[in-house]
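**Q** Next up, target09.tsv (TSV, C-alpha atoms).
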chain	number	residue	atom	x	y	z
A	264	MET	CA	-59.10	58.61	-42.83
A	265	ARG	CA	-60.53	58.06	-39.38
A	266	VAL	CA	-59.55	60.51	-36.68
A	267	PHE	CA	-57.43	59.30	-33.77
A	268	ARG	CA	-59.75	58.09	-31.03
A	269	TYR	CA	-58.12	60.15	-28.24
A	270	HIS	CA	-58.02	63.94	-28.20
A	271	VAL	CA	-58.77	65.28	-31.68
A	272	SER	CA	-56.20	68.04	-32.13
A	273	ILE	CA	-56.62	70.93	-34.54
A	274	TYR	CA	-54.05	69.22	-36.75
A	275	SER	CA	-56.12	66.04	-37.04
A	276	GLN	CA	-59.25	68.07	-37.81
A	277	GLN	CA	-57.47	69.86	-40.66
A	278	CYS	CA	-56.09	66.59	-42.07
A	279	LEU	CA	-59.49	64.92	-41.90
A	280	ALA	CA	-60.98	67.78	-43.90
A	281	VAL	CA	-58.34	67.38	-46.61
A	282	ASN	CA	-58.70	63.60	-46.87
A	283	THR	CA	-62.47	63.73	-47.34
A	284	MET	CA	-62.18	66.08	-50.33
A	285	SER	CA	-62.91	65.00	-53.86
A	286	ARG	CA	-60.09	65.32	-56.36
A	287	GLU	CA	-61.79	68.39	-57.90
A	288	LYS	CA	-62.09	70.18	-54.55
A	289	LEU	CA	-58.51	69.25	-53.69
A	290	SER	CA	-57.29	70.76	-56.95
A	291	THR	CA	-59.21	73.98	-56.23
A	292	LYS	CA	-57.76	74.18	-52.72
A	293	ILE	CA	-54.23	73.71	-54.02
A	294	LYS	CA	-54.66	76.52	-56.57
A	295	SER	CA	-56.40	78.97	-54.26
A	296	ARG	CA	-54.55	78.52	-50.98
A	297	ASP	CA	-51.47	80.57	-50.14
A	298	LEU	CA	-49.17	77.84	-48.90
A	299	ALA	CA	-46.40	79.72	-47.17
A	300	SER	CA	-44.42	77.51	-44.81
A	301	ARG	CA	-40.97	76.49	-45.92
A	302	ALA	CA	-39.73	73.21	-44.48
A	303	ILE	CA	-36.38	71.49	-44.20
A	304	TYR	CA	-36.36	67.69	-43.95
A	305	VAL	CA	-34.05	65.53	-41.83
A	306	SER	CA	-34.02	62.01	-43.22
A	307	THR	CA	-32.18	59.40	-45.17
A	308	TYR	CA	-32.40	60.27	-48.86
A	309	PRO	CA	-31.69	58.67	-52.25
A	310	PRO	CA	-29.31	57.39	-53.47
A	311	ARG	CA	-29.22	55.77	-50.01
A	312	GLU	CA	-31.32	52.64	-50.51
A	313	CYS	CA	-33.84	52.85	-47.72
A	314	GLY	CA	-37.63	52.87	-47.55
A	315	ILE	CA	-37.64	56.10	-45.54
A	316	ALA	CA	-35.36	57.73	-48.13
A	317	THR	CA	-37.85	56.85	-50.87
A	318	TYR	CA	-40.76	58.08	-48.75
A	319	THR	CA	-39.05	61.43	-48.14
A	320	ARG	CA	-38.21	61.93	-51.80
A	321	GLU	CA	-41.82	61.32	-52.87
A	322	LEU	CA	-43.12	63.56	-50.09
A	323	LEU	CA	-40.79	66.36	-51.26
A	324	LYS	CA	-42.02	65.99	-54.83
A	325	ALA	CA	-45.59	66.46	-53.63
A	326	ILE	CA	-44.67	69.37	-51.35
A	327	ASN	CA	-42.70	71.17	-54.07
A	328	THR	CA	-45.58	70.79	-56.54
A	329	LEU	CA	-48.01	72.27	-54.01
A	330	ASN	CA	-45.64	74.92	-52.69
A	331	PRO	CA	-43.37	75.84	-55.63
A	332	ARG	CA	-42.36	79.26	-54.25
A	333	PHE	CA	-40.48	77.61	-51.39
A	334	PRO	CA	-38.67	74.47	-52.60
A	335	ALA	CA	-37.87	72.07	-49.79
A	336	ASP	CA	-34.32	71.40	-48.60
A	337	VAL	CA	-32.95	68.18	-47.12
A	338	VAL	CA	-30.44	67.37	-44.41
A	339	ALA	CA	-29.41	63.83	-45.30
A	340	ILE	CA	-28.51	61.25	-42.66
A	341	GLU	CA	-25.39	59.48	-43.91
A	342	ASP	CA	-24.18	56.09	-42.64
A	343	LEU	CA	-20.99	55.92	-44.70
A	344	PRO	CA	-17.62	57.46	-43.75
A	345	ALA	CA	-16.82	60.72	-45.53
A	346	PRO	CA	-14.60	59.28	-48.32
A	347	GLU	CA	-17.47	56.96	-49.32
A	348	SER	CA	-20.29	59.48	-48.95
A	349	ARG	CA	-22.98	59.39	-51.61
A	350	LYS	CA	-23.57	61.86	-54.43
A	351	TYR	CA	-26.86	63.50	-53.53
A	352	PRO	CA	-29.18	65.66	-55.68
A	353	TRP	CA	-29.35	69.45	-55.40
A	354	GLU	CA	-31.99	69.56	-52.66
A	355	VAL	CA	-29.60	67.97	-50.15
A	356	LYS	CA	-27.93	71.00	-48.59
A	357	TYR	CA	-26.25	69.37	-45.58
A	358	ARG	CA	-25.24	65.92	-44.32
A	359	ILE	CA	-25.21	64.37	-40.89
A	360	SER	CA	-22.76	61.63	-39.96
A	361	GLN	CA	-25.19	59.19	-38.35
A	362	PHE	CA	-22.87	57.94	-35.61
A	363	ASP	CA	-21.25	61.27	-34.66
A	364	LEU	CA	-23.02	63.36	-31.99
A	365	LYS	CA	-20.99	66.44	-32.90
A	366	SER	CA	-22.28	66.17	-36.46
A	367	TRP	CA	-25.87	66.15	-35.19
A	368	LEU	CA	-25.30	69.30	-33.13
A	369	GLU	CA	-23.60	71.06	-36.04
A	370	ALA	CA	-26.55	70.12	-38.23
A	371	ALA	CA	-28.91	71.74	-35.71
A	372	ASP	CA	-26.85	74.94	-35.93
A	373	TYR	CA	-27.02	74.79	-39.72
A	374	ILE	CA	-30.82	74.39	-39.65
A	375	ASN	CA	-31.12	77.35	-37.28
A	376	SER	CA	-29.21	79.48	-39.80
A	377	THR	CA	-31.59	78.68	-42.69
A	378	THR	CA	-34.80	80.45	-43.69
A	379	ALA	CA	-36.84	77.31	-43.08
A	380	GLU	CA	-39.83	77.90	-40.82
A	381	VAL	CA	-40.40	74.29	-39.79
A	382	VAL	CA	-38.38	71.06	-39.60
A	383	ASN	CA	-39.74	67.66	-40.60
A	384	LEU	CA	-37.83	64.85	-38.95
A	385	GLN	CA	-38.39	61.37	-40.42
A	386	HIS	CA	-37.79	58.87	-37.64
A	387	GLU	CA	-36.85	55.22	-37.42
A	388	PHE	CA	-34.46	54.05	-34.70
A	389	GLY	CA	-32.01	52.43	-37.11
A	390	ILE	CA	-31.04	55.71	-38.76
A	391	TYR	CA	-30.07	57.58	-35.58
A	392	GLY	CA	-26.86	57.19	-33.64
A	393	GLY	CA	-26.30	56.81	-29.91
A	394	GLU	CA	-27.89	54.45	-27.39
A	395	CYS	CA	-31.36	53.55	-28.69
A	396	GLY	CA	-31.00	56.36	-31.24
A	397	ASP	CA	-30.81	59.01	-28.54
A	398	TYR	CA	-28.58	61.40	-30.56
A	399	VAL	CA	-31.85	62.73	-31.90
A	400	LEU	CA	-32.72	64.28	-28.52
A	401	PRO	CA	-29.88	66.83	-28.14
A	402	PHE	CA	-30.33	67.58	-31.85
A	403	MET	CA	-34.02	68.40	-31.36
A	404	GLU	CA	-33.28	70.41	-28.22
A	405	ARG	CA	-30.74	72.53	-30.11
A	406	VAL	CA	-33.02	73.26	-33.07
A	407	LYS	CA	-34.83	76.57	-32.53
A	408	LYS	CA	-37.61	75.97	-35.05
A	409	PRO	CA	-40.83	73.94	-34.66
A	410	ILE	CA	-40.29	70.25	-35.43
A	411	VAL	CA	-42.85	67.91	-36.96
A	412	VAL	CA	-41.78	64.29	-36.45
A	413	THR	CA	-42.91	61.42	-38.67
A	414	PHE	CA	-42.69	58.03	-36.93
A	415	HIS	CA	-42.15	55.03	-39.22
A	416	THR	CA	-41.75	52.67	-36.26
A	417	VAL	CA	-43.48	52.65	-32.87
A	418	LEU	CA	-42.20	49.80	-30.70
A	419	SER	CA	-44.72	47.64	-28.85
A	420	LYS	CA	-42.81	47.53	-25.54
A	421	GLY	CA	-42.76	50.32	-22.98
A	422	GLY	CA	-40.68	50.97	-19.89
A	423	ASP	CA	-37.22	50.82	-21.48
A	424	LYS	CA	-34.73	53.26	-23.01
A	425	TYR	CA	-36.35	53.04	-26.45
A	426	SER	CA	-39.68	53.97	-24.91
A	427	GLU	CA	-38.18	56.91	-23.03
A	428	VAL	CA	-36.53	58.19	-26.23
A	429	THR	CA	-39.87	57.84	-28.03
A	430	LYS	CA	-41.73	59.80	-25.37
A	431	GLN	CA	-39.12	62.58	-25.34
A	432	ILE	CA	-39.24	62.87	-29.14
A	433	VAL	CA	-42.98	63.53	-28.97
A	434	GLU	CA	-42.51	65.99	-26.09
A	435	GLN	CA	-39.91	67.98	-28.04
A	436	SER	CA	-41.98	68.01	-31.23
A	437	SER	CA	-44.65	70.54	-32.14
A	438	ALA	CA	-46.61	67.71	-33.80
A	439	THR	CA	-45.98	64.02	-34.37
A	440	VAL	CA	-47.27	62.21	-37.48
A	441	VAL	CA	-48.13	58.51	-37.63
A	442	MET	CA	-49.80	56.63	-40.48
A	443	ILE	CA	-52.44	54.52	-38.74
A	444	GLU	CA	-54.66	54.79	-35.68
A	445	ALA	CA	-52.99	51.82	-33.99
A	446	ALA	CA	-49.65	53.66	-34.00
A	447	ALA	CA	-51.20	56.73	-32.38
A	448	ALA	CA	-52.88	54.57	-29.75
A	449	ARG	CA	-49.58	52.81	-29.03
A	450	LEU	CA	-47.74	56.10	-28.58
A	451	ALA	CA	-50.33	57.28	-26.08
A	452	ASP	CA	-51.05	54.03	-24.24
A	453	VAL	CA	-47.66	52.29	-24.21
A	454	HIS	CA	-45.19	55.19	-24.39
A	455	HIS	CA	-47.37	57.74	-22.54
A	456	ALA	CA	-46.91	60.33	-25.28
A	457	ASN	CA	-49.07	63.44	-25.28
A	458	PRO	CA	-52.09	62.54	-27.49
A	459	GLU	CA	-52.78	66.19	-28.28
A	460	LYS	CA	-49.65	66.27	-30.43
A	461	LEU	CA	-50.53	63.21	-32.53
A	462	VAL	CA	-51.62	63.50	-36.17
A	463	ILE	CA	-52.67	60.68	-38.50
A	464	ILE	CA	-51.60	61.15	-42.12
A	465	PRO	CA	-51.75	58.04	-44.35
A	466	HIS	CA	-48.66	56.61	-46.04
A	467	GLY	CA	-48.31	58.37	-49.38
A	468	VAL	CA	-48.72	56.50	-52.67
A	469	PRO	CA	-48.45	57.33	-56.37
A	470	ASP	CA	-51.67	58.03	-58.26
A	471	ILE	CA	-51.76	54.87	-60.41
A	472	PRO	CA	-54.52	54.38	-63.02
A	473	TYR	CA	-56.70	51.35	-62.29
A	474	GLY	CA	-56.34	48.19	-64.38
A	475	GLY	CA	-53.93	47.52	-67.25
A	476	THR	CA	-52.69	44.13	-65.99
A	477	PRO	CA	-52.53	42.37	-69.42
A	478	GLU	CA	-50.66	45.29	-70.98
A	479	ALA	CA	-48.14	45.43	-68.11
A	480	LYS	CA	-47.50	41.68	-68.42
A	481	LYS	CA	-46.69	42.14	-72.09
A	482	LEU	CA	-44.27	44.98	-71.28
A	483	LEU	CA	-42.44	42.69	-68.84
A	484	HIS	CA	-42.55	39.71	-71.21
A	485	LEU	CA	-44.65	37.70	-68.78
A	486	SER	CA	-47.27	35.19	-69.85
A	487	SER	CA	-50.97	35.74	-69.23
A	488	ALA	CA	-50.81	33.15	-66.41
A	489	PRO	CA	-51.46	34.32	-62.80
A	490	THR	CA	-48.71	36.43	-61.25
A	491	ILE	CA	-48.04	36.64	-57.51
A	492	THR	CA	-45.74	39.43	-56.34
A	493	SER	CA	-43.86	40.61	-53.29
A	494	PHE	CA	-41.38	43.48	-53.44
A	495	GLY	CA	-39.14	45.56	-51.21
A	496	LEU	CA	-35.66	45.46	-49.71
A	497	ILE	CA	-35.10	41.83	-48.77
A	498	ASN	CA	-34.23	40.53	-45.32
A	499	SER	CA	-35.17	37.45	-43.30
A	500	GLY	CA	-38.00	39.29	-41.52
A	501	LYS	CA	-39.92	39.38	-44.81
A	502	ARG	CA	-40.35	35.59	-44.48
A	503	LEU	CA	-40.39	35.07	-48.22
A	504	GLU	CA	-39.70	31.38	-47.71
A	505	LYS	CA	-43.34	31.05	-46.61
A	506	LEU	CA	-44.50	32.55	-49.88
A	507	ILE	CA	-42.22	30.32	-51.95
A	508	SER	CA	-43.46	27.26	-50.05
A	509	THR	CA	-47.01	27.89	-51.28
A	510	LEU	CA	-46.11	27.36	-54.94
A	511	PRO	CA	-46.31	23.53	-55.05
A	512	LEU	CA	-49.85	23.75	-53.62
A	513	ILE	CA	-50.86	26.54	-55.99
A	514	HIS	CA	-49.36	24.75	-59.00
A	515	LYS	CA	-51.67	21.79	-58.46
A	516	LYS	CA	-54.55	23.95	-59.73
A	517	PHE	CA	-52.71	26.74	-61.57
A	518	PRO	CA	-49.47	25.15	-62.82
A	519	GLU	CA	-48.34	28.21	-64.83
A	520	THR	CA	-48.47	30.65	-61.90
A	521	THR	CA	-45.37	32.84	-61.66
A	522	LEU	CA	-43.97	34.29	-58.44
A	523	LEU	CA	-42.06	37.58	-58.64
A	524	ILE	CA	-39.72	38.45	-55.77
A	525	ILE	CA	-38.65	41.99	-56.49
A	526	GLY	CA	-35.93	43.97	-54.78
A	527	GLU	CA	-32.35	43.67	-53.68
A	528	THR	CA	-31.08	42.63	-50.28
A	529	HIS	CA	-31.30	45.43	-47.71
A	530	PRO	CA	-27.92	47.24	-47.81
A	531	VAL	CA	-27.42	47.01	-44.02
A	532	VAL	CA	-28.12	43.26	-44.13
A	533	ARG	CA	-25.83	42.83	-47.13
A	534	ARG	CA	-22.95	44.58	-45.34
A	535	LYS	CA	-23.34	42.36	-42.29
A	536	GLU	CA	-24.09	38.95	-43.77
A	537	GLY	CA	-23.86	39.21	-47.55
A	538	GLU	CA	-26.49	37.38	-49.60
A	539	VAL	CA	-27.05	34.52	-47.16
A	540	TYR	CA	-30.83	34.96	-46.99
A	541	ARG	CA	-31.32	35.37	-50.73
A	542	GLU	CA	-29.16	32.32	-51.38
A	543	SER	CA	-31.30	30.31	-48.95
A	544	LEU	CA	-34.40	31.35	-50.91
A	545	ILE	CA	-32.80	30.25	-54.19
A	546	LYS	CA	-31.92	26.87	-52.64
A	547	LEU	CA	-35.52	26.48	-51.45
A	548	VAL	CA	-36.80	27.24	-54.95
A	549	GLN	CA	-34.48	24.59	-56.35
A	550	SER	CA	-35.42	22.00	-53.73
A	551	LEU	CA	-39.13	22.50	-54.54
A	552	GLY	CA	-38.48	22.20	-58.27
A	553	VAL	CA	-40.10	25.55	-59.13
A	554	GLU	CA	-37.08	27.33	-60.62
A	555	GLU	CA	-38.91	28.13	-63.87
A	556	LYS	CA	-41.79	29.78	-62.04
A	557	VAL	CA	-39.91	32.05	-59.62
A	558	ILE	CA	-38.30	35.23	-60.89
A	559	PHE	CA	-35.91	37.17	-58.64
A	560	VAL	CA	-35.48	40.80	-59.67
A	561	ASN	CA	-32.36	41.58	-57.66
A	562	ARG	CA	-32.03	45.36	-57.91
A	563	TYR	CA	-33.39	48.62	-56.54
A	564	LEU	CA	-36.23	49.60	-58.86
A	565	THR	CA	-37.25	53.01	-60.10
A	566	LEU	CA	-40.79	54.16	-59.29
A	567	ALA	CA	-41.85	53.61	-62.92
A	568	GLU	CA	-40.56	50.03	-62.79
A	569	ILE	CA	-42.33	49.36	-59.49
A	570	ILE	CA	-45.61	50.61	-60.94
A	571	THR	CA	-45.25	48.40	-64.02
A	572	TYR	CA	-44.56	45.30	-61.92
A	573	LEU	CA	-47.50	46.11	-59.65
A	574	LYS	CA	-49.84	46.57	-62.59
A	575	ALA	CA	-48.73	43.15	-63.90
A	576	THR	CA	-49.64	41.54	-60.57
A	577	ASP	CA	-52.78	39.48	-59.91
A	578	VAL	CA	-52.16	38.83	-56.20
A	579	PHE	CA	-49.82	40.82	-53.96
A	580	VAL	CA	-48.50	39.23	-50.74
A	581	THR	CA	-46.66	40.51	-47.66
A	582	PRO	CA	-45.91	37.46	-45.43
A	583	TYR	CA	-43.94	39.54	-42.91
A	584	ASP	CA	-42.97	38.20	-39.52
A	585	ASP	CA	-43.16	41.34	-37.36
A	586	LEU	CA	-46.79	41.75	-36.31
A	587	ASN	CA	-45.98	45.14	-34.71
A	588	GLN	CA	-45.06	46.78	-38.01
A	589	ILE	CA	-46.93	50.10	-38.28
A	590	SER	CA	-46.08	51.04	-41.87
A	591	SER	CA	-45.42	49.27	-45.14
A	592	GLY	CA	-44.66	51.24	-48.26
A	593	THR	CA	-44.82	48.08	-50.38
A	594	LEU	CA	-48.34	47.20	-49.23
A	595	ALA	CA	-49.44	50.83	-49.54
A	596	TYR	CA	-48.22	50.92	-53.14
A	597	ALA	CA	-49.99	47.66	-53.96
A	598	ILE	CA	-53.22	49.09	-52.55
A	599	SER	CA	-52.76	52.22	-54.65
A	600	ALA	CA	-52.47	50.03	-57.75
A	601	GLY	CA	-55.75	48.30	-56.89
A	602	LYS	CA	-54.29	44.86	-56.27
A	603	ALA	CA	-55.90	41.98	-54.43
A	604	CYS	CA	-53.68	41.72	-51.35
A	605	ILE	CA	-52.95	38.97	-48.84
A	606	SER	CA	-50.91	39.62	-45.70
A	607	THR	CA	-50.01	38.42	-42.29
A	608	PRO	CA	-51.88	40.51	-39.70
A	609	TYR	CA	-49.24	43.08	-38.76
A	610	LEU	CA	-50.69	46.38	-37.55
A	611	TYR	CA	-50.48	48.31	-40.80
A	612	ALA	CA	-51.97	45.43	-42.80
A	613	LYS	CA	-54.82	44.96	-40.32
A	614	GLU	CA	-55.87	48.58	-40.71
A	615	ALA	CA	-55.22	48.96	-44.43
A	616	LEU	CA	-56.81	45.65	-45.49
A	617	GLY	CA	-59.66	45.69	-42.97
A	618	GLU	CA	-63.33	46.02	-43.89
A	619	GLY	CA	-63.03	43.69	-46.86
A	620	ARG	CA	-60.14	45.40	-48.64
A	621	GLY	CA	-57.87	42.36	-48.50
A	622	ILE	CA	-57.21	39.00	-46.83
A	623	LEU	CA	-55.32	38.49	-43.56
A	624	VAL	CA	-53.81	35.08	-42.77
A	625	LYS	CA	-52.26	33.74	-39.61
A	626	ASN	CA	-48.54	34.20	-39.21
A	627	ASN	CA	-46.25	31.23	-40.02
A	628	ASN	CA	-48.96	29.33	-41.92
A	629	PRO	CA	-48.04	28.70	-45.59
A	630	ALA	CA	-51.04	26.36	-45.99
A	631	LEU	CA	-53.50	29.18	-45.18
A	632	LEU	CA	-51.54	31.52	-47.40
A	633	ALA	CA	-51.82	29.06	-50.29
A	634	LYS	CA	-55.55	28.54	-49.62
A	635	SER	CA	-56.23	32.29	-49.70
A	636	THR	CA	-54.21	32.72	-52.89
A	637	LEU	CA	-56.10	29.89	-54.57
A	638	LYS	CA	-59.41	31.47	-53.58
A	639	LEU	CA	-58.40	34.72	-55.26
A	640	LEU	CA	-57.10	33.01	-58.39
A	641	SER	CA	-60.19	30.80	-58.65
A	642	ASP	CA	-62.79	33.53	-58.10
A	643	GLU	CA	-62.21	36.45	-60.47
A	644	LYS	CA	-65.32	38.28	-59.25
A	645	TYR	CA	-64.14	38.16	-55.63
A	646	ARG	CA	-60.61	39.18	-56.63
A	647	ASN	CA	-61.97	42.18	-58.55
A	648	GLU	CA	-64.14	43.20	-55.59
A	649	LEU	CA	-61.09	43.29	-53.28
A	650	SER	CA	-59.10	45.15	-55.91
A	651	LYS	CA	-61.73	47.87	-56.28
A	652	ARG	CA	-62.16	48.30	-52.52
A	653	ALA	CA	-58.39	48.57	-52.07
A	654	TYR	CA	-58.09	51.05	-54.92
A	655	GLN	CA	-60.86	53.25	-53.52
A	656	TYR	CA	-59.18	53.21	-50.08
A	657	GLY	CA	-55.93	54.21	-51.73
A	658	ARG	CA	-57.43	57.39	-53.22
A	659	ASN	CA	-57.06	59.07	-49.81
A	660	MET	CA	-53.37	58.12	-49.77
A	661	ILE	CA	-52.19	59.69	-53.05
A	662	TRP	CA	-49.22	62.01	-52.60
A	663	PRO	CA	-51.01	65.31	-53.43
A	664	LYS	CA	-53.44	64.73	-50.54
A	665	VAL	CA	-50.69	63.56	-48.20
A	666	GLY	CA	-48.52	66.52	-49.17
A	667	LEU	CA	-51.35	68.93	-48.50
A	668	ASN	CA	-51.93	67.29	-45.11
A	669	TYR	CA	-48.29	67.95	-44.23
A	670	LEU	CA	-48.46	71.54	-45.44
A	671	GLU	CA	-51.54	72.15	-43.29
A	672	VAL	CA	-49.66	70.86	-40.26
A	673	PHE	CA	-46.53	72.87	-41.15
A	674	ASP	CA	-48.59	76.05	-41.43
A	675	LEU	CA	-50.35	75.41	-38.14
A	676	VAL	CA	-47.19	74.77	-36.13
A	677	SER	CA	-45.47	77.77	-37.76
A	678	GLU	CA	-48.40	80.03	-36.83
A	679	SER	CA	-48.44	78.62	-33.31
A	680	ASN	CA	-44.70	79.26	-32.97
A	681	GLU	CA	-45.14	82.91	-34.01
A	682	SER	CA	-48.01	83.64	-31.61
Would you write out, as structure tokens, the structure that this file holds?

**A**
Amino acid sequence: MRVFRYHVSIYSQQCLAVNTMSREKLSTKIKSRDLASRAIYVSTYPPRECGIATYTRELLKAINTLNPRFPADVVAIEDLPAPESRKYPWEVKYRISQFDLKSWLEAADYINSTTAEVVNLQHEFGIYGGECGDYVLPFMERVKKPIVVTFHTVLSKGGDKYSEVTKQIVEQSSATVVMIEAAAARLADVHHANPEKLVIIPHGVPDIPYGGTPEAKKLLHLSSAPTITSFGLINSGKRLEKLISTLPLIHKKFPETTLLIIGETHPVVRRKEGEVYRESLIKLVQSLGVEEKVIFVNRYLTLAEIITYLKATDVFVTPYDDLNQISSGTLAYAISAGKACISTPYLYAKEALGEGRGILVKNNNPALLAKSTLKLLSDEKYRNELSKRAYQYGRNMIWPKVGLNYLEVFDLVSESNES
């Protein structure tokens, strides 16, 4: 992990020290250190189908393993009316009605009444109510405990209401976590956020053993032919039609290549427009005559299933349209599995796949995407080199290290709040 190029805060120094540790030293630090801070998390949470919900669940698993004396609690952000509210696991102690300001203020009062020493607020504009998600501001103001914010989105445009909300979130936080340097730079340069509060902690990933592709293909009843994969909650911004359009070109040299499109339609998209986008992808597959070589796995996968599909993958692709995207759990997981990755050059992909860890292709160019895929399929040595570089990069992103980074920050802001 490289340290943010502006002011290097004490938080960033601590996180850098953790991320440069070997696995042995990390294990020793976990066993010897008295991790004391108890946190409560404000986020979407499973069974709500949302990337941030999954991120928070995996972060809590890591935190609870490292800090078992103080199990983490969750305040879940709920977008359904009360009669339809989800059945949450035991760690969810309170719920916020996303579009009700009173509910946010009552949640702040609840948090103040708990024994938690620090609050971790997972942020993405779409999960907060009000104008430009501004219900978060009176909530933060009412909370009387230090707040560590994790930004999953940092918009590229400044000077509007979204930008003002972003700046105020950082101001009201004790520390603000982002996952890549470009996001920290954007917060400081575009949104004029205080750089001394910014911390870079990589996107967490499971610790997946390297290799095992043939075995995983057998488990999934796939042939030994090349497998290309993209996974995640589906919406039109994923631009999966570009990926599908590469198959006729790829099949000229590798006719048995299979494309896996894994994941169900994003629940918010499905409520608004049904399965229109998925149906358009199926029609495209049919029009190209590649029905037998495209497999849609239309459901929300467990972590174990995701890992198996990733291990069965030869080439992983994210052809996403939004070049300002600052995080991607799907790409992070593919890197952690040591996959050869191809992506459009959105911000997270540029940083994660830079320095020879993957291939970046121009946006909206299926021909270049097909050319890059063919290069990887044709040159096993090159594909293995990218896989190993990606896997090595991913070692600094495994959840135990990320969890310890968070605990270091929690301890520091708690100590600062007491002094």

**Q** Need to verify the contact set: Ala595 of chain A, 8 Å, all atoms listed in the file, exclusion of same-chain residues closer than 4 positions in sequence. Can you return it as a PyMOL selection string?

**A** chain A and resi 466-468+591+599+615+657

**Q** Mind writing the picked residues with C-alpha atoms as a PDB file, in the frame of the given file?

**A**
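Printed below is result18.pdb as written:
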ATOM      1  CA  HIS A 466     -48.660  56.610 -46.040  1.00  0.00           C
ATOM      2  CA  GLY A 467     -48.310  58.370 -49.380  1.00  0.00           C
ATOM      3  CA  VAL A 468     -48.720  56.500 -52.670  1.00  0.00           C
ATOM      4  CA  SER A 591     -45.420  49.270 -45.140  1.00  0.00           C
ATOM      5  CA  SER A 599     -52.760  52.220 -54.650  1.00  0.00           C
ATOM      6  CA  ALA A 615     -55.220  48.960 -44.430  1.00  0.00           C
ATOM      7  CA  GLY A 657     -55.930  54.210 -51.730  1.00  0.00           C
TER       8      GLY A 657
END

**Q** Write out as a JSON list (two decimals) with C-alpha atoms, keeping the file's coordinate frame which residues come within 12 Å of segment 541-548 of chain A when counting only C-alpha atoms, dropping same-chain ones fewer than 6 positions away.

**A**
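The resulting file, part-v6.json, is shown below:
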[["chain", "number", "residue", "atom", "x", "y", "z"],
["A", 496, "LEU", "CA", -35.66, 45.46, -49.71],
["A", 497, "ILE", "CA", -35.10, 41.83, -48.77],
["A", 498, "ASN", "CA", -34.23, 40.53, -45.32],
["A", 499, "SER", "CA", -35.17, 37.45, -43.30],
["A", 501, "LYS", "CA", -39.92, 39.38, -44.81],
["A", 502, "ARG", "CA", -40.35, 35.59, -44.48],
["A", 503, "LEU", "CA", -40.39, 35.07, -48.22],
["A", 504, "GLU", "CA", -39.70, 31.38, -47.71],
["A", 505, "LYS", "CA", -43.34, 31.05, -46.61],
["A", 506, "LEU", "CA", -44.50, 32.55, -49.88],
["A", 507, "ILE", "CA", -42.22, 30.32, -51.95],
["A", 508, "SER", "CA", -43.46, 27.26, -50.05],
["A", 509, "THR", "CA", -47.01, 27.89, -51.28],
["A", 510, "LEU", "CA", -46.11, 27.36, -54.94],
["A", 511, "PRO", "CA", -46.31, 23.53, -55.05],
["A", 522, "LEU", "CA", -43.97, 34.29, -58.44],
["A", 524, "ILE", "CA", -39.72, 38.45, -55.77],
["A", 525, "ILE", "CA", -38.65, 41.99, -56.49],
["A", 526, "GLY", "CA", -35.93, 43.97, -54.78],
["A", 527, "GLU", "CA", -32.35, 43.67, -53.68],
["A", 528, "THR", "CA", -31.08, 42.63, -50.28],
["A", 529, "HIS", "CA", -31.30, 45.43, -47.71],
["A", 532, "VAL", "CA", -28.12, 43.26, -44.13],
["A", 533, "ARG", "CA", -25.83, 42.83, -47.13],
["A", 554, "GLU", "CA", -37.08, 27.33, -60.62],
["A", 555, "GLU", "CA", -38.91, 28.13, -63.87],
["A", 556, "LYS", "CA", -41.79, 29.78, -62.04],
["A", 557, "VAL", "CA", -39.91, 32.05, -59.62],
["A", 558, "ILE", "CA", -38.30, 35.23, -60.89],
["A", 559, "PHE", "CA", -35.91, 37.17, -58.64],
["A", 560, "VAL", "CA", -35.48, 40.80, -59.67],
["A", 561, "ASN", "CA", -32.36, 41.58, -57.66]]

**Q** What separation in Å, quoted to one decimal, exists between atom CA of Tyr473 of chain A and atom CA of Ile491 of chain A?

**A**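 About the pair atom CA of Tyr473 of chain A and atom CA of Ile491 of chain A: they are 17.7 Å apart.
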
**Q** Within 12 Å of Ala600 of chain A, counting all atoms listed in the file, which residues qualify if same-chain residues fewer than 3 places away don't, as an MDAnalysis selection string?

**A** chainID A and resid 468:476 569:579 593:597 603:604 649:658 660:661

**Q** Edge lengths and centre, in Å to one decimal, as AutoDock Vina command-line options: that's what I need for the box along x, y and z that holds all listed atoms of segment 666-669 of chain A plus 5 Å on each side.

**A**
--center_x -50.1 --center_y 67.7 --center_z -46.7 --size_x 13.6 --size_y 12.4 --size_z 14.9

**Q** With a distance cut-off of 10 Å and all atoms listed in the file, select the neighbouring residues of Val417 of chain A, excluding the residue or stretch itself and same-chain residues fewer than 3 positions from it, and output the selection as a JSON list (two decimals) with C-alpha atoms, keeping the file's coordinate frame.

**A**
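Okay, this is what ended up in result-v9.json:
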[["chain", "number", "residue", "atom", "x", "y", "z"],
["A", 386, "HIS", "CA", -37.79, 58.87, -37.64],
["A", 387, "GLU", "CA", -36.85, 55.22, -37.42],
["A", 388, "PHE", "CA", -34.46, 54.05, -34.70],
["A", 414, "PHE", "CA", -42.69, 58.03, -36.93],
["A", 420, "LYS", "CA", -42.81, 47.53, -25.54],
["A", 425, "TYR", "CA", -36.35, 53.04, -26.45],
["A", 426, "SER", "CA", -39.68, 53.97, -24.91],
["A", 429, "THR", "CA", -39.87, 57.84, -28.03],
["A", 441, "VAL", "CA", -48.13, 58.51, -37.63],
["A", 445, "ALA", "CA", -52.99, 51.82, -33.99],
["A", 446, "ALA", "CA", -49.65, 53.66, -34.00],
["A", 447, "ALA", "CA", -51.20, 56.73, -32.38],
["A", 449, "ARG", "CA", -49.58, 52.81, -29.03],
["A", 450, "LEU", "CA", -47.74, 56.10, -28.58],
["A", 453, "VAL", "CA", -47.66, 52.29, -24.21],
["A", 454, "HIS", "CA", -45.19, 55.19, -24.39],
["A", 587, "ASN", "CA", -45.98, 45.14, -34.71],
["A", 588, "GLN", "CA", -45.06, 46.78, -38.01],
["A", 589, "ILE", "CA", -46.93, 50.10, -38.28],
["A", 590, "SER", "CA", -46.08, 51.04, -41.87]]
